[in-house]
$ cat entry21.txt   # compact mmCIF, C-alpha atoms
# COMPACT_ATOMS: atom_id res chain seq x y z
CA MET J 1 0.00 0.00 0.00
CA ASP J 2 1.52 3.36 -1.03
CA ARG J 3 1.64 6.38 1.25
CA ARG J 4 -1.40 8.08 -0.31
CA ASN J 5 -3.65 5.00 0.00
CA MET J 6 -2.38 4.19 3.45
CA LEU J 7 -3.22 7.67 4.69
CA ARG J 8 -6.61 7.59 3.00
CA ALA J 9 -7.40 4.26 4.64
CA THR J 10 -6.32 5.59 8.02
CA VAL J 11 -8.56 8.65 7.79
CA LEU J 12 -11.57 6.86 6.30
CA GLY J 13 -11.23 3.99 8.74
CA ALA J 14 -11.39 6.47 11.59
CA GLY J 15 -14.72 7.73 10.23
CA ALA J 16 -13.84 11.17 8.91
CA VAL J 17 -16.70 13.58 9.50
CA ALA J 18 -16.95 16.90 7.62
CA LEU J 19 -17.27 19.75 10.05
CA PRO J 20 -16.58 23.47 9.53
CA PHE J 21 -12.83 23.93 9.75
CA THR J 22 -13.19 26.68 12.31
CA THR J 23 -14.59 24.13 14.78
CA TRP J 24 -12.80 20.90 13.92
CA SER J 25 -11.83 18.75 16.86
CA ALA J 26 -8.16 17.76 16.77
CA ALA J 27 -9.19 14.16 17.47
CA TYR J 28 -11.46 14.00 14.40
CA ALA J 29 -9.75 16.24 11.87
CA ALA J 30 -11.38 16.10 8.42
CA PRO J 31 -9.07 17.65 5.80
CA ALA J 32 -10.92 19.36 2.94
CA GLN J 33 -12.21 17.14 0.15
CA PRO J 34 -12.92 17.98 -3.53
CA ALA J 35 -16.38 19.25 -4.44
CA ALA J 36 -18.07 21.50 -6.96
CA GLY J 37 -17.13 25.12 -6.37
CA PRO J 38 -19.67 27.70 -5.20
CA TYR J 39 -19.25 29.68 -8.44
CA GLY J 40 -19.75 26.80 -10.85
CA PRO J 41 -17.35 25.27 -13.40
CA LEU J 42 -14.47 27.07 -15.08
CA GLN J 43 -15.17 28.55 -18.49
CA SER J 44 -12.81 28.47 -21.48
CA ALA J 45 -9.64 30.52 -21.17
CA ASN J 46 -10.13 34.23 -21.87
CA SER J 47 -7.79 36.52 -23.82
CA HIS J 48 -5.39 36.55 -20.85
CA GLY J 49 -5.23 32.75 -20.78
CA ILE J 50 -7.24 32.61 -17.54
CA GLN J 51 -10.10 30.20 -16.92
CA LEU J 52 -12.71 31.69 -14.58
CA PRO J 53 -16.25 30.84 -13.47
CA ALA J 54 -19.10 32.54 -15.31
CA GLY J 55 -19.59 36.16 -14.23
CA PHE J 56 -15.91 36.82 -13.47
CA THR J 57 -13.54 38.88 -15.62
CA SER J 58 -9.80 39.60 -15.52
CA GLN J 59 -7.52 42.44 -16.47
CA ILE J 60 -3.75 42.88 -16.62
CA VAL J 61 -2.64 45.59 -14.20
CA ALA J 62 1.12 45.54 -14.73
CA ARG J 63 3.96 43.67 -16.42
CA SER J 64 7.53 43.30 -15.16
CA GLY J 65 9.96 45.61 -16.93
CA GLN J 66 7.16 47.74 -18.37
CA VAL J 67 5.70 51.04 -17.21
CA VAL J 68 2.51 50.56 -15.21
CA PRO J 69 -0.21 51.99 -17.50
CA GLY J 70 -1.24 55.45 -16.36
CA THR J 71 2.05 56.06 -14.50
CA SER J 72 5.75 56.57 -15.18
CA TYR J 73 6.86 53.72 -12.90
CA THR J 74 8.41 50.51 -14.24
CA TRP J 75 6.96 47.43 -12.53
CA HIS J 76 9.43 45.18 -10.73
CA ASN J 77 10.58 41.69 -11.75
CA ALA J 78 9.33 38.49 -10.09
CA PRO J 79 6.25 39.87 -8.32
CA ASP J 80 5.47 37.77 -5.24
CA GLY J 81 3.56 38.26 -1.97
CA GLY J 82 1.06 41.10 -1.82
CA ALA J 83 -1.70 42.85 0.09
CA VAL J 84 -4.32 45.57 -0.38
CA PHE J 85 -4.63 48.72 1.75
CA ALA J 86 -7.48 51.23 1.83
CA ASN J 87 -6.21 54.80 1.57
CA GLY J 88 -9.36 56.93 1.82
CA SER J 89 -9.73 57.61 -1.89
CA GLY J 90 -9.42 54.05 -3.18
CA TRP J 91 -6.85 51.39 -2.39
CA ILE J 92 -3.23 50.34 -2.84
CA TYR J 93 -1.89 46.97 -3.97
CA VAL J 94 1.57 46.20 -2.61
CA SER J 95 3.78 43.52 -4.18
CA ASN J 96 7.19 42.09 -3.26
CA SER J 97 9.97 41.47 -5.76
CA GLU J 98 11.61 38.08 -5.25
CA THR J 99 14.98 39.05 -6.71
CA SER J 100 18.38 39.93 -5.25
CA SER J 101 19.26 43.46 -4.23
CA GLY J 102 21.42 43.76 -7.36
CA SER J 103 18.40 42.97 -9.53
CA GLY J 104 15.89 45.10 -7.65
CA GLY J 105 14.47 43.23 -4.67
CA GLY J 106 12.22 45.09 -2.26
CA ALA J 107 8.59 46.00 -2.90
CA SER J 108 6.40 48.34 -4.96
CA ARG J 109 2.87 49.70 -4.83
CA ILE J 110 0.11 50.55 -7.29
CA LEU J 111 -2.50 53.14 -6.32
CA PHE J 112 -6.11 52.86 -7.51
CA ASN J 113 -9.02 55.29 -7.26
CA SER J 114 -12.44 54.27 -5.98
CA SER J 115 -13.45 52.90 -9.40
CA GLY J 116 -10.33 50.74 -9.68
CA ALA J 117 -8.42 52.88 -12.18
CA VAL J 118 -4.64 53.17 -11.70
CA VAL J 119 -3.60 56.62 -10.48
CA GLY J 120 0.00 56.02 -9.41
CA ALA J 121 2.80 53.57 -8.72
CA SER J 122 6.13 53.73 -6.90
CA ARG J 123 8.82 51.82 -5.01
CA ILE J 124 8.41 51.44 -1.22
CA LEU J 125 11.46 49.22 -0.46
CA SER J 126 14.83 48.83 -2.19
CA GLY J 127 18.19 47.16 -1.62
CA THR J 128 16.87 43.96 -0.02
CA ASN J 129 17.07 40.32 -1.08
CA ASN J 130 14.50 37.81 -2.32
CA ASN J 131 11.48 39.50 -0.79
CA CYS J 132 9.07 36.60 -1.07
CA ALA J 133 5.89 36.90 0.96
CA GLY J 134 5.00 38.97 4.01
CA GLY J 135 1.92 40.24 5.76
CA LYS J 136 -0.31 43.22 6.41
CA THR J 137 -0.53 44.77 9.90
CA PRO J 138 -3.63 46.33 11.53
CA TRP J 139 -1.82 49.69 11.48
CA ASN J 140 -1.56 49.54 7.66
CA THR J 141 2.07 48.62 7.16
CA TRP J 142 3.39 45.82 4.96
CA LEU J 143 5.89 43.35 6.43
CA SER J 144 8.17 42.39 3.55
CA CYS J 145 10.10 39.20 4.33
CA GLU J 146 13.47 38.15 2.92
CA GLU J 147 13.62 34.50 1.91
CA VAL J 148 17.38 34.03 2.40
CA SER J 149 19.52 32.56 5.16
CA LEU J 150 19.50 35.10 8.01
CA GLY J 151 16.79 37.00 6.16
CA ARG J 152 15.08 39.91 7.83
CA VAL J 153 11.61 41.42 8.10
CA TRP J 154 11.25 44.96 6.74
CA GLU J 155 8.31 47.08 7.81
CA THR J 156 7.19 49.22 4.89
CA TYR J 157 4.66 52.03 4.69
CA PRO J 158 2.31 51.84 1.68
CA LEU J 159 0.45 54.97 2.83
CA GLY J 160 3.72 56.91 3.13
CA GLY J 161 6.91 56.61 5.15
CA THR J 162 10.39 55.11 5.11
CA ALA J 163 10.89 51.35 5.41
CA VAL J 164 12.54 50.08 8.63
CA VAL J 165 14.21 46.72 9.33
CA ARG J 166 12.82 44.76 12.30
CA PRO J 167 15.63 42.47 13.54
CA ALA J 168 13.76 41.57 16.75
CA MET J 169 11.43 39.47 14.58
CA GLY J 170 14.28 37.04 13.96
CA ARG J 171 16.78 36.31 11.23
CA PHE J 172 15.99 33.18 9.25
CA LYS J 173 14.63 32.19 5.83
CA HIS J 174 11.45 34.21 6.22
CA GLU J 175 8.39 33.59 4.10
CA ALA J 176 5.04 34.99 5.29
CA ALA J 177 3.59 36.86 8.24
CA ALA J 178 0.07 37.19 9.66
CA ALA J 179 -1.06 39.63 12.34
CA ASP J 180 -3.31 38.46 15.18
CA PRO J 181 -4.87 41.59 16.76
CA ASP J 182 -6.69 39.51 19.36
CA ARG J 183 -3.50 38.15 20.95
CA ARG J 184 -1.36 41.03 19.69
CA VAL J 185 1.20 38.82 18.00
CA ILE J 186 2.61 38.28 14.49
CA TYR J 187 2.89 34.70 13.15
CA LEU J 188 5.83 33.86 10.88
CA THR J 189 6.62 30.96 8.54
CA GLU J 190 10.06 29.65 7.58
CA ASP J 191 10.84 28.20 4.14
CA GLU J 192 13.19 25.37 5.07
CA SER J 193 12.61 21.62 4.77
CA ASN J 194 12.82 21.53 8.58
CA GLY J 195 11.45 25.03 9.06
CA LYS J 196 9.58 26.13 12.14
CA PHE J 197 6.48 28.19 12.86
CA TYR J 198 7.02 31.29 14.99
CA ARG J 199 5.18 34.08 16.69
CA PHE J 200 6.56 37.50 17.58
CA ILE J 201 5.14 39.27 20.64
CA PRO J 202 5.99 42.97 20.45
CA ASP J 203 6.61 44.79 23.71
CA THR J 204 4.08 47.36 22.50
CA TRP J 205 1.37 46.42 20.00
CA GLY J 206 1.89 48.53 16.90
CA ASN J 207 5.65 48.86 17.48
CA LEU J 208 7.76 46.01 16.12
CA SER J 209 11.13 47.37 17.18
CA SER J 210 11.34 45.12 20.25
CA GLY J 211 9.67 42.03 21.61
CA ARG J 212 9.99 38.29 22.07
CA LEU J 213 10.31 35.65 19.33
CA GLU J 214 8.78 32.27 20.15
CA VAL J 215 8.58 28.96 18.29
CA LEU J 216 5.77 26.40 18.19
CA VAL J 217 6.47 23.23 20.18
CA ALA J 218 4.47 20.06 19.45
CA GLY J 219 4.73 16.37 18.67
CA SER J 220 5.50 14.77 15.34
CA GLY J 221 1.89 14.01 14.36
CA THR J 222 -0.47 15.89 12.08
CA SER J 223 -2.77 16.85 14.93
CA GLY J 224 -2.50 17.45 18.65
CA SER J 225 -1.81 20.18 21.15
CA PHE J 226 0.93 22.79 20.95
CA SER J 227 2.70 25.34 23.10
CA TRP J 228 5.20 28.14 22.58
CA ALA J 229 8.81 28.47 23.73
CA ALA J 230 11.12 31.48 23.58
CA VAL J 231 13.89 31.47 20.94
CA PRO J 232 17.04 32.31 22.93
CA ASP J 233 18.88 34.07 20.10
CA PRO J 234 16.57 35.55 17.41
CA ASP J 235 19.66 36.77 15.54
CA GLY J 236 20.15 33.17 14.39
CA SER J 237 23.94 33.17 14.52
CA PRO J 238 25.91 31.04 15.09
CA THR J 239 22.94 28.67 15.75
CA ALA J 240 19.96 28.90 13.41
CA THR J 241 16.70 29.86 15.13
CA ARG J 242 15.10 26.58 14.01
CA SER J 243 17.78 24.61 15.89
CA GLN J 244 17.67 26.42 19.22
CA VAL J 245 14.61 24.94 20.96
CA SER J 246 14.27 21.24 21.72
CA GLY J 247 10.85 19.94 20.72
CA ALA J 248 10.12 22.70 18.20
CA LYS J 249 7.89 21.18 15.52
CA SER J 250 9.30 21.02 11.98
CA PHE J 251 7.24 21.95 8.92
CA ASN J 252 8.33 21.08 5.39
CA GLY J 253 8.76 24.38 3.56
CA GLY J 254 6.58 26.99 5.28
CA GLU J 255 4.85 29.33 2.85
CA GLY J 256 1.67 31.44 3.14
CA CYS J 257 -0.01 32.44 6.39
CA HIS J 258 -3.48 33.86 7.16
CA TYR J 259 -5.24 34.75 10.42
CA SER J 260 -8.98 35.11 11.07
CA ASN J 261 -11.37 34.45 13.95
CA ASN J 262 -9.03 32.78 16.45
CA THR J 263 -7.52 30.56 13.76
CA VAL J 264 -4.29 30.80 11.81
CA TRP J 265 -3.76 28.81 8.63
CA PHE J 266 -0.39 28.30 6.98
CA THR J 267 0.85 26.24 4.07
CA THR J 268 3.80 23.91 3.56
CA LYS J 269 4.89 23.40 -0.02
CA GLY J 270 7.18 20.47 0.65
CA ASP J 271 4.24 18.18 1.46
CA ASN J 272 1.29 20.05 -0.11
CA ARG J 273 -0.48 20.76 3.14
CA VAL J 274 -2.55 23.50 4.70
CA TRP J 275 -2.22 23.53 8.49
CA GLN J 276 -4.68 24.98 10.96
CA LEU J 277 -3.91 26.25 14.45
CA ASN J 278 -6.98 26.51 16.68
CA LEU J 279 -5.81 29.26 19.00
CA GLY J 280 -8.75 29.04 21.38
CA ASN J 281 -7.74 25.58 22.59
CA SER J 282 -4.08 25.42 21.43
CA THR J 283 -4.53 22.50 19.04
CA TYR J 284 -3.34 21.97 15.48
CA GLU J 285 -4.57 19.83 12.59
CA LEU J 286 -4.64 19.56 8.81
CA ALA J 287 -7.06 21.70 6.83
CA TYR J 288 -5.84 20.06 3.60
CA ASP J 289 -3.37 17.38 2.51
CA ASP J 290 -3.15 16.21 -1.11
CA ASN J 291 -2.41 12.70 0.18
CA LEU J 292 -5.70 12.63 2.09
CA VAL J 293 -7.97 13.33 -0.86
CA SER J 294 -10.30 10.35 -0.65
CA THR J 295 -11.66 10.31 -4.21
CA GLY J 296 -10.26 11.47 -7.53
CA SER J 297 -7.13 13.52 -7.99
CA ALA J 298 -5.98 16.22 -5.60
CA PRO J 299 -7.05 19.65 -6.89
CA LEU J 300 -4.34 21.56 -5.01
CA THR J 301 -0.61 20.88 -5.36
CA GLY J 302 2.40 23.17 -5.16
CA VAL J 303 0.67 24.78 -2.16
CA ASP J 304 1.91 28.34 -1.64
CA ASN J 305 0.42 31.78 -0.82
CA ILE J 306 -2.89 31.88 1.06
CA THR J 307 -5.46 34.55 1.82
CA GLY J 308 -9.07 34.66 2.98
CA SER J 309 -12.28 36.43 1.99
CA SER J 310 -14.65 38.19 4.36
CA PHE J 311 -17.05 35.28 3.84
CA GLY J 312 -14.54 32.86 5.36
CA ASP J 313 -13.36 31.16 2.17
CA LEU J 314 -9.63 30.44 1.92
CA TYR J 315 -7.89 31.06 -1.41
CA VAL J 316 -4.67 29.08 -1.91
CA ALA J 317 -2.31 29.80 -4.82
CA GLU J 318 -0.12 27.21 -6.52
CA ASP J 319 3.59 27.36 -7.19
CA GLY J 320 3.55 25.05 -10.18
CA GLY J 321 0.80 22.45 -10.00
CA ASN J 322 -1.79 23.42 -12.61
CA MET J 323 -1.26 27.17 -12.02
CA GLU J 324 -4.50 27.42 -10.08
CA ILE J 325 -5.98 29.33 -7.19
CA CYS J 326 -8.09 26.88 -5.19
CA MET J 327 -10.82 27.59 -2.64
CA ILE J 328 -11.37 25.90 0.68
CA THR J 329 -14.83 26.73 1.99
CA PRO J 330 -15.96 26.77 5.65
CA ASP J 331 -17.65 23.38 5.13
CA ASP J 332 -14.33 21.68 4.21
CA LYS J 333 -14.84 21.61 0.43
CA ILE J 334 -12.01 22.37 -1.95
CA SER J 335 -12.41 23.41 -5.58
CA VAL J 336 -10.53 25.27 -8.31
CA PHE J 337 -11.47 28.95 -8.53
CA LEU J 338 -9.24 29.90 -11.48
CA ARG J 339 -6.56 28.43 -13.72
CA ILE J 340 -3.87 30.22 -15.74
CA THR J 341 -3.03 28.43 -18.98
CA GLY J 342 0.17 28.61 -21.02
CA GLN J 343 2.35 29.56 -18.05
CA GLY J 344 3.58 26.21 -16.78
CA SER J 345 6.99 27.57 -15.74
CA SER J 346 5.55 30.19 -13.41
CA GLU J 347 3.79 30.37 -10.03
CA ILE J 348 0.81 32.32 -8.71
CA CYS J 349 1.67 34.83 -6.00
CA GLY J 350 0.24 37.59 -3.86
CA PRO J 351 -3.54 36.95 -3.82
CA ALA J 352 -5.28 39.78 -1.97
CA PHE J 353 -8.81 41.18 -1.88
CA THR J 354 -9.93 44.80 -1.94
CA PRO J 355 -11.78 46.07 1.15
CA ALA J 356 -15.14 45.59 -0.61
CA GLY J 357 -14.19 42.01 -1.46
CA ASN J 358 -15.18 42.23 -5.13
CA ARG J 359 -11.68 42.34 -6.63
CA LEU J 360 -8.85 39.85 -6.25
CA TYR J 361 -5.29 40.88 -7.16
CA PHE J 362 -2.50 38.38 -7.79
CA SER J 363 0.56 37.84 -9.97
CA SER J 364 2.05 35.19 -12.21
CA GLN J 365 5.66 35.55 -11.14
CA ARG J 366 7.31 34.51 -14.42
CA GLY J 367 4.41 34.78 -16.85
CA THR J 368 4.57 33.14 -20.26
CA SER J 369 8.36 33.51 -20.55
CA GLY J 370 9.29 31.50 -17.46
CA SER J 371 11.70 34.31 -16.54
CA SER J 372 11.56 36.72 -13.59
CA SER J 373 11.40 39.54 -16.13
CA GLY J 374 8.11 38.13 -17.47
CA GLY J 375 5.94 38.67 -14.39
CA ILE J 376 2.30 39.71 -14.84
CA THR J 377 0.01 41.21 -12.19
CA TYR J 378 -3.73 40.69 -12.63
CA CYS J 379 -7.04 41.74 -11.14
CA VAL J 380 -10.13 39.51 -11.19
CA THR J 381 -13.51 41.13 -10.65
CA GLY J 382 -16.80 39.38 -10.02
CA PRO J 383 -19.52 38.26 -7.60
CA PHE J 384 -17.27 37.02 -4.81
CA ARG J 385 -19.06 35.85 -1.66
CA THR J 386 -18.73 38.45 1.09
$ encode --input "entry21.txt" --output "structure tokens"
Amino acid sequence: MDRRNMLRATVLGAGAVALPFTTWSAAYAAPAQPAAGPYGPLQSANSHGIQLPAGFTSQIVARSGQVVPGTSYTWHNAPDGGAVFANGSGWIYVSNSETSSGSGGGASRILFNSSGAVVGASRILSGTNNNCAGGKTPWNTWLSCEEVSLGRVWETYPLGGTAVVRPAMGRFKHEAAAADPDRRVIYLTEDESNGKFYRFIPDTWGNLSSGRLEVLVAGSGTSGSFSWAAVPDPDGSPTATRSQVSGAKSFNGGEGCHYSNNTVWFTTKGDNRVWQLNLGNSTYELAYDDNLVSTGSAPLTGVDNITGSSFGDLYVAEDGGNMEICMITPDDKISVFLRITGQGSSEICGPAFTPAGNRLYFSSQRGTSGSSSGGITYCVTGPFRT
């Protein structure tokens, strides 16, 4: 019996019961299973090569190496993690550049008016390395994370201000961040095959210049209870942060991270999983595992960036796979929301909704060329559930 069938048999033999993933019991975890999507089947690819459900449309917002239409700013290469910020007159989409400092690095922004038209674009962070993902804070800053050994978190200011490095948040191969305003902490993922999951507790909420870095401690299983332990040396030298605490749980290639309603979800690309931490009772479990799909083929592989809608749906982007953004609904159903065709050497990055929830921004990091200079940033508009 291969690993996939063995795991399926284990779960099905235990009597998997579908419950909303916000209330799963760790003892009876039911990872999401394929089902028809709430928006219906994908239509034929449009002029942008994107397959969408009926009623949804797409537009190209920017292309790497080209001036953003309506501005004088040249869009960066290898667009990656992103977020949307309201600015009083419309909104701003922020995007990282996953390139070295010599090739650009950092992050940029595009400004939109209230009707969604581009009214400006500019750089908000320069001179940094492999800025992969990150996270939005409740005080409207963007945490841009360096995915390199001893990488740092940079706090940037999409609404105006000078970027500042935040070394207290640890130096490691950073990936994503998610703010938890209820516990006043920031969760952090690490993109290593034996990476860890962290939280940063600032001394003062809203000020990330000082605080305590902690790592998740748990057993080796896919569900159970967890606790937190302080990382003695967040600087990560000479001993890497992931090697400093005995019992810290390893995760295979930490990627995206999203917080909502006393739950934090994060993805691990090395094993195609979406993990769920139930913060109310300090338990963890699987929200999705491609090896635990009980019927048919797994819709989600190459698991990467993740975001959520105001309705409670999770949107998970693929690095590779079939170049899809998949949905996981609150009743544990997973389906394909969109598919990009003709870009098999790329990855989907930076999914983020506007405040109204009717527009979804994201990028294809290498576009049709398969090169970092071929990135394309899109916007999809339609009747999203809110």
$ atom_distance --input "entry21.txt" --atom1 "atom CA of Tyr93 of chain J" --atom2 "atom CA of Ile110 of chain J"
5.3 Å
$ closest_residue --input "entry21.txt" --among "J:Asp180, J:Asp203, J:Glu175, J:Glu318" --to "Cys349 of chain J" --atoms "only C-alpha atoms"
J:Glu318
$ residues_around --input "entry21.txt" --residues "Cys132 of chain J" --least-positions-apart "6" --cutoff "8 Å" --atoms "all atoms listed in the file" --output "list in words"
Asp80, Gly81, Asn96, Ser97, Glu98, Ser144, Cys145, Glu146, Glu147, Glu175 and Ala176 of chain J
$ closest_atom_pairs --input "entry21.txt" --of "segment 66-92 of chain J" --to "segment 112-118 of chain J" --cutoff "9 Å" --atoms "all atoms listed in the file" --output "tab-separated table"
residue	atom	partner	partner_atom	distance
J:Val68	CA	J:Val118	CA	8.4
J:Pro69	CA	J:Val118	CA	7.4
J:Gly70	CA	J:Val118	CA	6.2
J:Thr71	CA	J:Val118	CA	7.8
J:Gly88	CA	J:Ser114	CA	8.8
J:Ser89	CA	J:Asn113	CA	5.9
J:Gly90	CA	J:Ser114	CA	4.1
J:Trp91	CA	J:Phe112	CA	5.4
J:Ile92	CA	J:Phe112	CA	6.0
$ closest_atom_pairs --input "entry21.txt" --of "segment 36-95 of chain J" --to "segment 159-169 of chain J" --cutoff "9 Å" --atoms "only C-alpha atoms" --output "tab-separated table"
residue	atom	partner	partner_atom	distance
J:Phe85	CA	J:Leu159	CA	8.1
J:Ala86	CA	J:Leu159	CA	8.8
J:Asn87	CA	J:Leu159	CA	6.8
J:Ile92	CA	J:Leu159	CA	8.2
$ residues_near_point --input "entry21.txt" --point "(-0.4, 18.8, 10.4)" --cutoff "7 Å" --atoms "all atoms listed in the file" --output "count of residues only"
7
$ closest_residue --input "entry21.txt" --among "J:Gly256, J:Gly296, J:Pro232, J:Pro158" --to "Tyr315 of chain J" --atoms "only C-alpha atoms"
J:Gly256
$ atom_distance --input "entry21.txt" --atom1 "atom CA of Gly120 of chain J" --atom2 "atom CA of Cys379 of chain J"
16.0 Å
$ closest_residue --input "entry21.txt" --among "J:Ser193, J:Thr329, J:Gln51, J:Ser227" --to "Glu214 of chain J" --atoms "only C-alpha atoms"
J:Ser227
$ atom_distance --input "entry21.txt" --atom1 "atom CA of Thr295 of chain J" --atom2 "atom CA of Ile334 of chain J"
12.3 Å
$ residues_around --input "entry21.txt" --residues "Thr189 of chain J" --least-positions-apart "2" --cutoff "9 Å" --atoms "only C-alpha atoms" --output "number ranges by chain"
J: 173-177, 187, 191, 195-199, 253-257, 266-267
$ closest_residue --input "entry21.txt" --among "J:Pro38, J:Ser294, J:His258, J:Ala83" --to "Thr354 of chain J" --atoms "all atoms listed in the file"
J:Ala83
$ build_atoms --input "entry21.txt" --residues "segment 175-182 of chain J" --atoms "all heavy atoms" --output "short mmCIF file (atom, residue, chain, number, x, y, z; two decimals), in the frame of the given file"
data_model
loop_
_atom_site.label_atom_id
_atom_site.label_comp_id
_atom_site.auth_asym_id
_atom_site.auth_seq_id
_atom_site.Cartn_x
_atom_site.Cartn_y
_atom_site.Cartn_z
N GLU J 175 9.33 33.72 5.21
CA GLU J 175 8.39 33.59 4.10
C GLU J 175 7.21 34.54 4.31
O GLU J 175 7.21 35.63 3.77
CB GLU J 175 7.91 32.13 3.97
CG GLU J 175 7.00 31.90 2.79
CD GLU J 175 7.70 31.99 1.45
OE1 GLU J 175 8.88 31.63 1.36
OE2 GLU J 175 7.06 32.44 0.49
N ALA J 176 6.24 34.17 5.12
CA ALA J 176 5.04 34.99 5.29
C ALA J 176 4.84 35.41 6.73
O ALA J 176 5.47 34.87 7.66
CB ALA J 176 3.81 34.23 4.79
N ALA J 177 3.94 36.37 6.91
CA ALA J 177 3.59 36.86 8.24
C ALA J 177 2.08 37.10 8.30
O ALA J 177 1.46 37.42 7.27
CB ALA J 177 4.33 38.17 8.55
N ALA J 178 1.50 36.92 9.48
CA ALA J 178 0.07 37.19 9.66
C ALA J 178 -0.14 37.80 11.04
O ALA J 178 0.33 37.26 12.04
CB ALA J 178 -0.75 35.91 9.52
N ALA J 179 -0.83 38.92 11.09
CA ALA J 179 -1.06 39.63 12.34
C ALA J 179 -2.31 39.10 13.03
O ALA J 179 -3.34 38.87 12.40
CB ALA J 179 -1.20 41.12 12.08
N ASP J 180 -2.20 38.90 14.33
CA ASP J 180 -3.31 38.46 15.18
C ASP J 180 -3.61 39.59 16.16
O ASP J 180 -2.95 39.70 17.21
CB ASP J 180 -2.90 37.18 15.91
CG ASP J 180 -3.95 36.68 16.90
OD1 ASP J 180 -4.92 37.41 17.17
OD2 ASP J 180 -3.77 35.56 17.43
N PRO J 181 -4.59 40.45 15.87
CA PRO J 181 -4.87 41.59 16.76
C PRO J 181 -5.51 41.18 18.07
O PRO J 181 -5.50 41.96 19.03
CB PRO J 181 -5.82 42.45 15.92
CG PRO J 181 -6.49 41.48 15.00
CD PRO J 181 -5.47 40.44 14.68
N ASP J 182 -6.05 39.96 18.13
CA ASP J 182 -6.69 39.51 19.36
C ASP J 182 -5.65 39.17 20.43
O ASP J 182 -5.83 39.48 21.61
CB ASP J 182 -7.58 38.30 19.07
CG ASP J 182 -8.67 38.62 18.06
OD1 ASP J 182 -9.42 39.58 18.30
OD2 ASP J 182 -8.75 37.94 17.02
#
